[in-house]
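K.L.:
Sharing entry.cif here; it has mmCIF, C-alpha atoms.
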data_input
loop_
_atom_site.label_atom_id
_atom_site.label_comp_id
_atom_site.auth_asym_id
_atom_site.auth_seq_id
_atom_site.Cartn_x
_atom_site.Cartn_y
_atom_site.Cartn_z
CA MET T 1 0.00 0.00 0.00
CA MET T 2 1.40 3.39 -0.95
CA ASN T 3 0.52 6.60 0.83
CA LYS T 4 1.35 10.09 -0.38
CA THR T 5 2.90 12.37 2.24
CA ASN T 6 3.93 15.88 1.22
CA GLY T 7 4.54 14.68 -2.31
CA ARG T 8 6.67 11.74 -1.23
CA LYS T 9 5.74 8.09 -1.14
CA ARG T 10 5.42 5.95 1.96
CA GLU T 11 5.29 2.19 1.61
CA MET T 12 3.90 -0.02 4.35
CA VAL T 13 5.70 -3.35 4.00
CA SER T 14 3.23 -6.17 4.65
CA HIS T 15 5.60 -8.85 5.95
CA SER T 16 6.88 -8.76 9.53
CA SER T 17 10.41 -9.94 8.71
CA VAL T 18 12.99 -8.46 6.36
CA ILE T 19 16.75 -8.28 6.01
CA LEU T 20 18.39 -5.03 4.92
CA HIS T 21 21.70 -5.97 3.33
CA GLY T 22 24.81 -4.56 1.62
CA MET T 23 25.08 -1.08 3.15
CA ARG T 24 27.53 0.26 5.70
CA LEU T 25 26.33 0.16 9.31
CA VAL T 26 27.11 3.12 11.55
CA LYS T 27 27.97 1.54 14.88
CA ASN T 28 29.36 2.97 18.11
CA ASP T 29 32.76 1.46 17.33
CA GLY T 30 32.96 2.53 13.70
CA LEU T 31 31.66 1.57 10.26
CA TRP T 32 30.82 -2.02 9.34
CA THR T 33 31.00 -2.64 5.60
CA ASN T 34 28.70 -5.10 3.80
CA GLY T 35 26.38 -4.89 6.77
CA PHE T 36 22.99 -6.41 7.40
CA ILE T 37 20.07 -5.74 9.73
CA PHE T 38 17.51 -8.49 10.38
CA LEU T 39 14.18 -6.91 11.33
CA GLN T 40 11.34 -8.97 12.76
CA ASP T 41 8.11 -7.89 14.46
CA GLY T 42 9.39 -4.33 14.86
CA LYS T 43 12.71 -5.27 16.46
CA ILE T 44 16.30 -5.81 15.35
CA VAL T 45 16.94 -9.54 15.65
CA ALA T 46 20.54 -9.32 14.48
CA ALA T 47 22.93 -6.77 12.99
CA GLY T 48 26.31 -7.64 11.55
CA LYS T 49 28.32 -7.95 8.38
CA ASP T 50 29.19 -10.41 5.62
CA ILE T 51 25.91 -12.32 5.69
CA LYS T 52 25.87 -15.52 3.58
CA ASP T 53 23.28 -16.44 0.98
CA ASP T 54 22.02 -19.35 3.05
CA ASP T 55 21.81 -17.43 6.33
CA PHE T 56 18.25 -16.82 7.59
CA PRO T 57 16.54 -18.84 4.85
CA GLY T 58 13.12 -17.71 3.71
CA ILE T 59 13.45 -14.13 4.96
CA PRO T 60 12.96 -11.46 2.26
CA ARG T 61 15.99 -9.28 1.56
CA ARG T 62 16.42 -5.71 0.41
CA VAL T 63 19.85 -5.17 -1.10
CA TYR T 64 21.63 -1.80 -1.06
CA GLY T 65 24.87 -0.46 -2.48
CA LYS T 66 28.01 -0.01 -0.42
CA ASP T 67 27.61 3.77 -0.74
CA MET T 68 24.51 3.63 1.50
CA LEU T 69 24.87 4.35 5.22
CA ALA T 70 22.54 2.89 7.87
CA PHE T 71 22.18 5.17 10.91
CA PRO T 72 19.98 4.61 13.96
CA GLY T 73 16.75 6.54 13.48
CA PHE T 74 17.02 10.17 14.58
CA ILE T 75 15.40 11.32 17.84
CA ASP T 76 14.39 15.00 17.90
CA ILE T 77 13.88 16.03 21.54
CA HIS T 78 12.94 19.65 20.77
CA MET T 79 10.49 20.39 17.98
CA HIS T 80 7.31 22.48 18.06
CA GLY T 81 5.86 21.31 14.78
CA GLY T 82 6.21 21.37 11.03
CA TYR T 83 4.41 20.45 7.84
CA GLY T 84 1.58 22.84 8.68
CA VAL T 85 0.93 21.86 12.31
CA ASP T 86 2.03 23.06 15.75
CA VAL T 87 1.88 21.20 19.06
CA MET T 88 -0.04 24.14 20.55
CA ASP T 89 -2.88 23.46 18.09
CA ALA T 90 -3.81 20.74 20.59
CA THR T 91 -5.51 18.45 18.05
CA ARG T 92 -4.97 14.83 17.05
CA ASP T 93 -4.16 16.02 13.54
CA VAL T 94 -0.90 17.49 14.86
CA PHE T 95 0.43 14.09 15.85
CA GLU T 96 -1.06 12.26 12.89
CA THR T 97 0.68 14.72 10.58
CA LEU T 98 4.01 14.64 12.40
CA GLU T 99 4.22 10.88 12.66
CA ILE T 100 3.92 10.40 8.89
CA SER T 101 5.98 13.46 7.91
CA LEU T 102 8.99 13.27 10.21
CA PRO T 103 10.40 10.05 8.69
CA SER T 104 11.11 12.04 5.50
CA GLU T 105 13.94 13.72 7.45
CA GLY T 106 15.08 10.50 9.15
CA THR T 107 13.30 11.16 12.44
CA THR T 108 11.81 8.02 13.96
CA ALA T 109 10.96 9.36 17.44
CA TYR T 110 10.42 12.80 18.95
CA LEU T 111 9.27 14.93 21.86
CA ALA T 112 6.34 17.26 21.15
CA THR T 113 7.39 20.68 22.44
CA THR T 114 5.11 23.34 23.87
CA ILE T 115 5.74 27.08 24.14
CA THR T 116 5.01 29.76 26.73
CA GLN T 117 1.31 30.57 26.44
CA GLU T 118 -1.84 30.97 28.51
CA GLU T 119 -2.18 28.23 31.13
CA GLU T 120 -5.30 26.75 29.56
CA HIS T 121 -3.64 26.56 26.13
CA ILE T 122 -0.62 24.73 27.54
CA THR T 123 -2.89 22.43 29.52
CA SER T 124 -4.92 21.59 26.41
CA ALA T 125 -1.77 20.80 24.41
CA LEU T 126 -0.47 18.60 27.23
CA GLN T 127 -3.74 16.70 27.52
CA THR T 128 -3.96 16.12 23.79
CA GLY T 129 -0.35 14.99 23.59
CA ALA T 130 -0.74 12.66 26.57
CA ALA T 131 -3.86 11.07 25.09
CA TYR T 132 -2.08 10.45 21.79
CA TYR T 133 0.98 9.08 23.55
CA ARG T 134 -1.15 6.52 25.40
CA GLU T 135 -3.03 5.45 22.26
CA GLN T 136 -0.24 5.16 19.68
CA ARG T 137 0.47 1.64 18.56
CA GLU T 138 1.19 1.61 14.84
CA ALA T 139 4.65 0.83 13.52
CA GLY T 140 5.77 2.51 10.33
CA VAL T 141 5.43 6.04 11.72
CA ALA T 142 7.54 8.28 13.95
CA GLU T 143 6.95 7.57 17.63
CA LEU T 144 5.90 10.20 20.15
CA LEU T 145 8.11 9.67 23.22
CA GLY T 146 6.48 12.33 25.38
CA ILE T 147 6.40 16.08 25.93
CA HIS T 148 9.07 18.77 26.14
CA LEU T 149 7.60 21.61 28.20
CA GLU T 150 9.40 24.78 27.09
CA GLY T 151 8.38 27.56 29.46
CA PRO T 152 6.51 29.27 30.93
CA PHE T 153 8.98 29.27 33.88
CA ILE T 154 11.64 31.36 32.16
CA ASN T 155 13.41 34.72 32.47
CA ALA T 156 11.78 37.54 30.51
CA LYS T 157 15.21 39.06 29.88
CA ARG T 158 16.08 36.04 27.72
CA LYS T 159 12.61 35.31 26.38
CA GLY T 160 13.57 35.10 22.70
CA ALA T 161 10.37 34.22 20.82
CA GLN T 162 8.50 33.18 23.98
CA PRO T 163 5.55 35.58 24.63
CA GLU T 164 6.51 37.68 27.65
CA GLU T 165 2.95 38.25 28.88
CA HIS T 166 2.56 34.54 29.66
CA ILE T 167 5.84 33.99 31.52
CA LYS T 168 5.31 32.65 35.06
CA ARG T 169 7.39 32.78 38.23
CA ASP T 170 7.26 30.63 41.37
CA GLY T 171 6.24 27.82 39.08
CA LEU T 172 6.26 24.73 41.30
CA ASP T 173 2.51 24.49 41.91
CA LEU T 174 1.69 25.26 38.27
CA TYR T 175 4.22 22.70 37.07
CA LYS T 176 2.57 20.08 39.28
CA ALA T 177 -0.75 20.92 37.58
CA PHE T 178 0.87 20.67 34.14
CA ARG T 179 2.42 17.33 35.05
CA GLN T 180 -0.99 16.02 36.07
CA ALA T 181 -2.58 17.31 32.86
CA ALA T 182 0.16 15.58 30.88
CA ASP T 183 -0.48 12.29 32.69
CA ASP T 184 3.22 12.09 33.62
CA THR T 185 4.41 12.22 29.97
CA ILE T 186 6.63 15.30 30.39
CA ARG T 187 10.20 14.19 29.69
CA VAL T 188 12.09 17.51 29.46
CA VAL T 189 11.36 20.91 31.01
CA THR T 190 13.01 24.12 29.79
CA TYR T 191 13.11 26.71 32.60
CA ALA T 192 15.27 29.42 34.19
CA PRO T 193 16.69 28.29 37.56
CA GLU T 194 17.62 31.80 38.73
CA THR T 195 13.99 32.95 38.90
CA SER T 196 11.99 32.82 42.14
CA GLY T 197 11.54 29.22 43.27
CA GLY T 198 13.77 27.97 40.46
CA LEU T 199 15.88 25.63 42.56
CA ASP T 200 12.82 24.02 44.16
CA LEU T 201 11.39 23.53 40.67
CA THR T 202 14.69 22.00 39.53
CA ALA T 203 14.67 19.47 42.34
CA TYR T 204 11.03 18.52 41.78
CA ILE T 205 11.40 18.07 38.01
CA ASN T 206 14.39 15.84 38.61
CA GLU T 207 12.72 13.89 41.42
CA MET T 208 9.70 13.17 39.22
CA GLY T 209 11.88 11.69 36.48
CA ALA T 210 11.93 14.47 33.88
CA VAL T 211 15.05 16.29 32.68
CA PRO T 212 15.54 19.86 33.99
CA SER T 213 16.93 21.79 31.00
CA ILE T 214 18.15 25.34 31.50
CA GLY T 215 17.05 27.75 28.81
CA HIS T 216 15.75 31.28 28.29
CA SER T 217 17.90 31.97 31.33
CA ASP T 218 20.10 34.81 32.55
CA ALA T 219 21.78 32.67 35.19
CA THR T 220 25.29 33.46 36.34
CA TYR T 221 27.90 30.74 36.57
CA GLU T 222 27.36 30.42 40.32
CA GLU T 223 23.60 30.14 39.80
CA MET T 224 24.26 27.44 37.22
CA LYS T 225 26.37 25.48 39.69
CA ALA T 226 23.56 25.69 42.25
CA ALA T 227 21.07 24.46 39.65
CA VAL T 228 23.26 21.48 38.77
CA THR T 229 23.54 20.62 42.47
CA ALA T 230 19.73 20.69 42.60
CA GLY T 231 19.49 18.32 39.61
CA ALA T 232 19.75 20.29 36.35
CA LYS T 233 21.10 18.18 33.48
CA HIS T 234 20.61 19.93 30.14
CA ILE T 235 21.04 23.24 28.33
CA THR T 236 18.25 24.15 25.87
CA HIS T 237 19.36 25.31 22.39
CA LEU T 238 22.90 26.32 23.35
CA TYR T 239 23.82 29.99 22.74
CA ASN T 240 20.21 31.03 22.10
CA GLY T 241 18.07 32.57 24.84
CA MET T 242 20.75 32.64 27.54
CA ARG T 243 23.50 34.63 29.21
CA GLY T 244 26.53 34.27 26.96
CA PHE T 245 30.15 33.66 27.81
CA HIS T 246 32.27 36.44 29.28
CA HIS T 247 35.76 35.94 30.62
CA ARG T 248 34.79 37.39 34.02
CA GLU T 249 31.26 35.91 34.11
CA PRO T 250 31.06 32.65 32.14
CA GLY T 251 27.27 32.49 32.47
CA VAL T 252 25.12 29.70 31.03
CA VAL T 253 27.39 29.09 28.04
CA GLY T 254 30.45 28.85 30.27
CA ALA T 255 28.64 26.33 32.44
CA ALA T 256 27.78 24.29 29.37
CA TYR T 257 31.48 24.21 28.47
CA THR T 258 32.85 23.33 31.90
CA ILE T 259 30.30 21.51 34.10
CA ASP T 260 30.46 17.82 33.29
CA GLU T 261 26.90 17.03 34.34
CA LEU T 262 25.42 19.34 31.69
CA LYS T 263 24.56 18.22 28.15
CA SER T 264 23.51 20.69 25.48
CA GLU T 265 21.00 20.85 22.66
CA ILE T 266 22.26 22.66 19.57
CA ILE T 267 20.49 23.80 16.39
CA ALA T 268 23.03 23.20 13.62
CA ASP T 269 21.29 25.25 10.95
CA GLY T 270 24.03 27.86 10.58
CA LEU T 271 21.54 30.58 11.57
CA HIS T 272 20.86 30.09 15.28
CA SER T 273 24.58 29.57 15.80
CA SER T 274 27.37 30.29 13.35
CA PRO T 275 29.43 27.36 12.08
CA PRO T 276 32.46 28.40 14.20
CA ALA T 277 30.23 28.54 17.31
CA VAL T 278 28.92 25.04 16.57
CA LYS T 279 32.49 23.85 16.08
CA THR T 280 33.50 25.42 19.39
CA ALA T 281 30.74 23.53 21.21
CA TYR T 282 31.81 20.29 19.53
CA ARG T 283 35.49 20.77 20.37
CA THR T 284 34.86 22.00 23.92
CA GLY T 285 32.20 19.61 25.16
CA GLY T 286 32.69 16.73 22.76
CA PHE T 287 30.10 14.80 20.79
CA ARG T 288 28.87 12.90 23.86
CA ASN T 289 27.56 16.15 25.34
CA LEU T 290 25.60 17.41 22.33
CA TYR T 291 22.10 16.73 21.02
CA LEU T 292 21.21 17.88 17.54
CA ILE T 293 17.69 19.33 17.55
CA THR T 294 15.55 21.22 15.04
CA ASP T 295 13.44 23.50 17.30
CA SER T 296 11.22 23.46 14.21
CA MET T 297 7.93 25.31 13.90
CA ARG T 298 4.83 25.00 11.73
CA ALA T 299 6.48 26.28 8.54
CA LYS T 300 9.00 23.44 8.23
CA GLY T 301 8.37 21.72 4.92
CA LEU T 302 6.25 24.60 3.60
CA ARG T 303 6.85 27.65 1.41
CA ASP T 304 8.03 31.08 2.55
CA GLY T 305 5.23 33.12 4.08
CA THR T 306 3.67 34.21 7.37
CA TYR T 307 2.89 31.62 10.03
CA ASP T 308 2.30 31.63 13.77
CA LEU T 309 4.24 30.48 16.82
CA GLY T 310 2.78 30.89 20.28
CA GLY T 311 0.14 33.29 18.98
CA GLN T 312 2.75 35.49 17.27
CA ASP T 313 3.19 36.09 13.54
CA VAL T 314 6.39 34.59 12.18
CA THR T 315 7.77 35.49 8.76
CA VAL T 316 9.69 32.76 6.94
CA ARG T 317 12.00 33.91 4.19
CA ASP T 318 15.20 32.38 2.81
CA GLU T 319 15.12 29.51 5.32
CA LYS T 320 14.90 31.86 8.33
CA ALA T 321 11.91 32.34 10.67
CA THR T 322 11.65 35.66 12.52
CA LEU T 323 9.22 37.77 14.55
CA ALA T 324 8.36 41.29 13.41
CA ASP T 325 11.26 42.70 15.47
CA GLY T 326 13.76 40.34 13.83
CA THR T 327 13.98 37.84 16.69
CA ILE T 328 14.65 34.31 15.43
CA ALA T 329 11.50 32.27 16.08
CA GLY T 330 12.23 28.58 15.91
CA SER T 331 13.53 27.00 12.73
CA ILE T 332 12.46 25.23 9.58
CA VAL T 333 15.52 22.98 9.51
CA THR T 334 15.24 19.19 9.32
CA MET T 335 17.21 16.63 11.30
CA ASP T 336 19.01 15.29 8.22
CA ALA T 337 20.09 18.85 7.36
CA CYS T 338 21.40 19.28 10.92
CA LEU T 339 23.44 16.10 10.48
CA ARG T 340 24.88 17.29 7.16
CA ASN T 341 25.70 20.69 8.63
CA MET T 342 27.34 19.18 11.70
CA ARG T 343 29.52 17.07 9.44
CA ALA T 344 30.46 20.12 7.36
CA PHE T 345 31.01 22.47 10.33
CA THR T 346 33.03 20.11 12.53
CA GLY T 347 34.22 17.09 10.56
CA ALA T 348 32.44 14.81 13.05
CA THR T 349 32.72 11.11 12.26
CA PHE T 350 29.68 9.05 11.37
CA PRO T 351 29.59 7.29 14.77
CA GLU T 352 29.78 10.71 16.45
CA LEU T 353 26.92 11.96 14.30
CA ALA T 354 24.89 8.89 15.23
CA ALA T 355 25.43 9.70 18.90
CA MET T 356 24.40 13.33 18.44
CA THR T 357 21.24 12.44 16.48
CA ALA T 358 20.10 9.35 18.39
CA GLY T 359 22.35 7.71 20.96
CA ASN T 360 22.73 10.66 23.33
CA GLN T 361 19.01 11.42 23.17
CA ALA T 362 18.06 7.81 23.93
CA LYS T 363 20.27 7.83 27.03
CA ALA T 364 18.90 11.16 28.23
CA LEU T 365 15.32 9.96 27.93
CA GLY T 366 16.03 6.57 29.50
CA VAL T 367 15.09 4.60 26.37
CA GLU T 368 18.56 3.37 25.42
CA ASP T 369 17.47 -0.21 26.10
CA HIS T 370 15.36 -0.11 22.92
CA LYS T 371 16.43 2.93 20.90
CA GLY T 372 19.48 4.90 19.84
CA SER T 373 21.72 2.32 18.15
CA ILE T 374 21.67 -0.51 15.61
CA ASP T 375 21.87 -3.48 17.96
CA ALA T 376 19.97 -6.70 18.55
CA HIS T 377 16.77 -6.43 20.61
CA LYS T 378 16.34 -2.72 19.91
CA ASP T 379 13.51 -1.17 17.93
CA GLY T 380 13.85 -1.37 14.17
CA ASP T 381 14.41 2.38 13.80
CA ILE T 382 16.77 2.84 10.87
CA VAL T 383 17.54 5.68 8.47
CA LEU T 384 19.43 4.96 5.24
CA LEU T 385 21.46 7.89 3.91
CA ASN T 386 23.09 8.26 0.51
CA GLU T 387 26.60 9.57 -0.22
CA GLN T 388 25.36 13.15 0.12
CA LEU T 389 23.81 12.23 3.50
CA GLY T 390 20.31 12.65 2.12
CA VAL T 391 17.51 10.40 3.36
CA GLU T 392 16.77 7.48 1.05
CA GLU T 393 14.68 5.34 3.41
CA THR T 394 13.44 5.47 6.99
CA TRP T 395 12.24 2.43 8.92
CA CYS T 396 10.15 2.98 12.05
CA ARG T 397 9.85 0.01 14.39
CA GLY T 398 10.60 -2.44 11.62
CA ARG T 399 8.40 -1.03 8.88
CA LEU T 400 9.30 1.16 5.94
CA ALA T 401 7.90 4.59 6.70
CA TYR T 402 9.53 6.66 3.96
CA GLN T 403 11.44 6.17 0.74
CA SER T 404 12.72 8.86 -1.58
CA LYS T 405 12.01 6.87 -4.73
CA GLU T 406 10.72 3.57 -6.00
CA ARG T 407 12.97 0.56 -5.53
#
Please lay out the structure from this file as structure tokens.

P.N.:
Amino acid sequence: MMNKTNGRKREMVSHSSVILHGMRLVKNDGLWTNGFIFLQDGKIVAAGKDIKDDDFPGIPRRVYGKDMLAFPGFIDIHMHGGYGVDVMDATRDVFETLEISLPSEGTTAYLATTITQEEEHITSALQTGAAYYREQREAGVAELLGIHLEGPFINAKRKGAQPEEHIKRDGLDLYKAFRQAADDTIRVVTYAPETSGGLDLTAYINEMGAVPSIGHSDATYEEMKAAVTAGAKHITHLYNGMRGFHHREPGVVGAAYTIDELKSEIIADGLHSSPPAVKTAYRTGGFRNLYLITDSMRAKGLRDGTYDLGGQDVTVRDEKATLADGTIAGSIVTMDACLRNMRAFTGATFPELAAMTAGNQAKALGVEDHKGSIDAHKDGDIVLLNEQLGVEETWCRGRLAYQSKER
């Protein structure tokens, strides 16, 4: 059965077992040539190299050229929407659209990300996302792993594109209400620890099993150390919406560079952060401390024009999304483009890129037992990239979710 998605074809393979064969496998320890991946009932049964003709008799095979690269499916932990939808729309259509569209960029799992807004709007988005998370079953589509709550507990001084009128302080009680509305599906919380009650909020987020991620924050280095002691673990979209580095006050960026417990998201689109800044983060913190994200908004995959983000008009022109005052407002970049850019900006190896697009995210979210690498017993989440690192095929939980052309 073939389905059309944004002008591209999606094939739902009918059999439950298949062997992908002949490509190079991107593994933690390097590249395996003439690799194979045996998928069965949504899982990887075996992954290796130099399979023989009489191995696994009776299992259908799909043969690829040696120029093809098999990466673990990408995990985008910070994305607001794309392809005409936004998480704050709070409708089922948001998730139905994202799950069939995201595989075109190699994304096989994601966190639906909210934005600072009126309490009832955030609550509605959380409830809708939680309901969809509990119901989803189908393989062959990108998997919703939970919610990333970005705001409203942030610092107005570093608000970026977050609407200032809806920013909240002393957020512990409100966060508890949001957590209940989300039916405990919040996995990451972006907040500013230096605001009133910020350290108590940090400790509670951490205690309840979500990741406290510092963003839209004007914290000093000492305030960052206090937040890490309280349980902070991440930095949201490094460089953007935060106190920058100064040689006498290292701020949030300095903490990201020097505090081992902190891992950082980064938008490698060349717009949110210049290529040298991305390279600095890579060289300073290393690939194990970076997560490639899109921070994408509704306009991703669409033409230039005017769209909305958090109730604000956003103009998209020449691959850049901005508010009326010129503030960058999310992105329209895709995960595969982030991977290509990271390779170009830093020279990162393929295993390092796999870590920054999947492995690190899986560990952060506590799903590394079934996602984040091409290993036996893990979900059959695979993206096949050509020599130009463009997406040729994406497999979600053992089923072909996207292909760039007929085979």

K.L.:
Using only C-alpha atoms and a cutoff of 10 Å, can you tell me which residues are near (0.8, 11.9, 22.3) in the file's coordinates, and write them out as an NGL selection string?

P.N.:
:T and (87 or 92 or 94-96 or 111-112 or 125-136 or 143-147 or 182 or 185)

K.L.:
As a PyMOL selection string, please: the residues near segment 57-66 of chain T (cut-off 12 Å, all atoms listed in the file, same-chain neighbours under 2 positions excluded).

P.N.:
chain T and resi 13-25+31-40+49+51-55+68-70+384-387+392-393+400+407

K.L.:
Just checking: using all atoms listed in the file, which residue out of T:His166, T:Lys43, T:Lys371, T:Lys363 ends up closest to Gly310 of chain T?

P.N.:
T:His166

K.L.:
Could you write out as a PDB file with C-alpha atoms, in the coordinates of the input the residues that the PyMOL selection byres ((chain T and resi 337-347) around 7) matches in the shown file?

P.N.:
ATOM      1  CA  ALA T 268      23.030  23.200  13.620  1.00  0.00           C
ATOM      2  CA  ASP T 269      21.290  25.250  10.950  1.00  0.00           C
ATOM      3  CA  PRO T 275      29.430  27.360  12.080  1.00  0.00           C
ATOM      4  CA  LYS T 279      32.490  23.850  16.080  1.00  0.00           C
ATOM      5  CA  LEU T 292      21.210  17.880  17.540  1.00  0.00           C
ATOM      6  CA  VAL T 333      15.520  22.980   9.510  1.00  0.00           C
ATOM      7  CA  THR T 334      15.240  19.190   9.320  1.00  0.00           C
ATOM      8  CA  MET T 335      17.210  16.630  11.300  1.00  0.00           C
ATOM      9  CA  ASP T 336      19.010  15.290   8.220  1.00  0.00           C
ATOM     10  CA  ALA T 348      32.440  14.810  13.050  1.00  0.00           C
ATOM     11  CA  THR T 349      32.720  11.110  12.260  1.00  0.00           C
ATOM     12  CA  LEU T 353      26.920  11.960  14.300  1.00  0.00           C
ATOM     13  CA  LEU T 389      23.810  12.230   3.500  1.00  0.00           C
TER      14      LEU T 389
END

K.L.:
Calculate how many Å separate atom CA of Thr123 of chain T from atom CA of Pro152 of chain T, rounding to one decimal.

P.N.:
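These atoms are spaced 11.7 Å apart.
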
K.L.:
Could you spell out the hits of the PyMOL selection byres ((chain T and resi 255) around 12) on the shown file, as an MDAnalysis selection string?

P.N.:
chainID T and resid 214 219:228 232:235 238:239 242:246 249:254 256:264 281 284:285

K.L.:
Quick one: pull the distance between atom CA of Arg179 of chain T and atom CA of Arg288 of chain T, Å, one decimal.

P.N.:
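Atom-to-atom, atom CA of Arg179 of chain T and atom CA of Arg288 of chain T are spaced 29.1 Å apart.
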
K.L.:
Exactly which residues make up the result of the PyMOL selection byres ((chain T and resi 327) around 12) on this file, given as a CSV table (one decimal) with C-alpha atoms, in the coordinates of the input?

P.N.:
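Okay, this is what ended up in selection_7.csv:
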chain,number,residue,atom,x,y,z
T,158,ARG,CA,16.1,36.0,27.7
T,159,LYS,CA,12.6,35.3,26.4
T,160,GLY,CA,13.6,35.1,22.7
T,161,ALA,CA,10.4,34.2,20.8
T,162,GLN,CA,8.5,33.2,24.0
T,163,PRO,CA,5.6,35.6,24.6
T,240,ASN,CA,20.2,31.0,22.1
T,241,GLY,CA,18.1,32.6,24.8
T,271,LEU,CA,21.5,30.6,11.6
T,272,HIS,CA,20.9,30.1,15.3
T,312,GLN,CA,2.8,35.5,17.3
T,313,ASP,CA,3.2,36.1,13.5
T,314,VAL,CA,6.4,34.6,12.2
T,315,THR,CA,7.8,35.5,8.8
T,316,VAL,CA,9.7,32.8,6.9
T,320,LYS,CA,14.9,31.9,8.3
T,321,ALA,CA,11.9,32.3,10.7
T,322,THR,CA,11.6,35.7,12.5
T,323,LEU,CA,9.2,37.8,14.6
T,324,ALA,CA,8.4,41.3,13.4
T,325,ASP,CA,11.3,42.7,15.5
T,326,GLY,CA,13.8,40.3,13.8
T,328,ILE,CA,14.6,34.3,15.4
T,329,ALA,CA,11.5,32.3,16.1
T,330,GLY,CA,12.2,28.6,15.9
T,331,SER,CA,13.5,27.0,12.7

K.L.:
Excluding Met79 of chain T and any residue of its chain fewer than 5 positions from it, enumerate the residues within 12 Å of it, using only C-alpha atoms, and give them as a PyMOL selection string.

P.N.:
chain T and resi 85-88+98+102+107+109-115+144+146-150+188+236-237+265+267+292-300+309+330-335

K.L.:
May I ask for the distance between atom CA of Leu201 of chain T and atom CA of Gly151 of chain T, given in Å to one decimal place?

P.N.:
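Separation of atom CA of Leu201 of chain T and atom CA of Gly151 of chain T: 12.3 Å.
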
K.L.:
Given the choices T:Ile167, T:Leu365, T:Met356, T:Leu302, which gets closest to Gly286 of chain T if the distance is worked out from all atoms listed in the file?

P.N.:
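Going through T:Ile167, T:Leu365, T:Met356, T:Leu302 one by one, the smallest distance to Gly286 of chain T is for T:Met356.
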
K.L.:
Considering all atoms listed in the file, can you say which of T:Tyr83, T:Tyr291, T:Phe71, T:Phe153 comes closest to Gln117 of chain T?

P.N.:
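Closest to Gln117 of chain T, using all atoms listed in the file: T:Phe153.
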
K.L.:
For a cutoff of 9 Å around the file-coordinate point (10.6, 14.1, 33.8), which residues qualify once you count all atoms listed in the file? I'd like the result as a short mmCIF file (atom, residue, chain, number, x, y, z; two decimals) with C-alpha atoms, keeping the file's coordinate frame.

P.N.:
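Output file result_17.cif follows:
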data_model
loop_
_atom_site.label_atom_id
_atom_site.label_comp_id
_atom_site.auth_asym_id
_atom_site.auth_seq_id
_atom_site.Cartn_x
_atom_site.Cartn_y
_atom_site.Cartn_z
CA ARG T 179 2.42 17.33 35.05
CA ASP T 184 3.22 12.09 33.62
CA THR T 185 4.41 12.22 29.97
CA ILE T 186 6.63 15.30 30.39
CA ARG T 187 10.20 14.19 29.69
CA VAL T 188 12.09 17.51 29.46
CA VAL T 189 11.36 20.91 31.01
CA ILE T 205 11.40 18.07 38.01
CA ASN T 206 14.39 15.84 38.61
CA GLU T 207 12.72 13.89 41.42
CA MET T 208 9.70 13.17 39.22
CA GLY T 209 11.88 11.69 36.48
CA ALA T 210 11.93 14.47 33.88
CA VAL T 211 15.05 16.29 32.68
CA PRO T 212 15.54 19.86 33.99
CA LEU T 365 15.32 9.96 27.93
#

K.L.:
Enclose the full set of atoms of segment 180-197 of chain T listed in the file within a box whose edges lie along x, y and z, apply 8 Å of padding to each of the six sides, and report centre and edge lengths in Å to one decimal as AutoDock Vina command-line options.

P.N.:
--center_x 7.5 --center_y 22.5 --center_z 36.4 --size_x 36.2 --size_y 36.9 --size_z 29.8

K.L.:
Please determine, counting all atoms listed in the file, which residue among T:Arg248, T:Cys396, T:Ala177, T:Asp67 has the shortest atom-to-atom distance to Asp379 of chain T.

P.N.:
T:Cys396

K.L.:
Contacts of Ala355 of chain T at 8 Å or less, counting all atoms listed in the file, minus same-chain residues fewer than 5 places along, as a list of chain:residue names?

P.N.:
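Here the qualifying residues turn out to be T:Asn28, T:Phe287, T:Arg288, T:Asn360, T:Gln361, T:Gly372.
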
K.L.:
Closest to Ala354 of chain T among T:Gly305, T:Thr280, T:Tyr175, T:Leu290, using all atoms listed in the file?

P.N.:
T:Leu290

K.L.:
Need the shell around Gly42 of chain T: protein/DNA/RNA residues with any atom at most 10 Å away, counting all atoms listed in the file. Skip same-chain ones fewer than 5 positions apart. Format as a VMD selection string?

P.N.:
chain T and resid 16 to 17 139 to 140 377 to 381 395 to 399
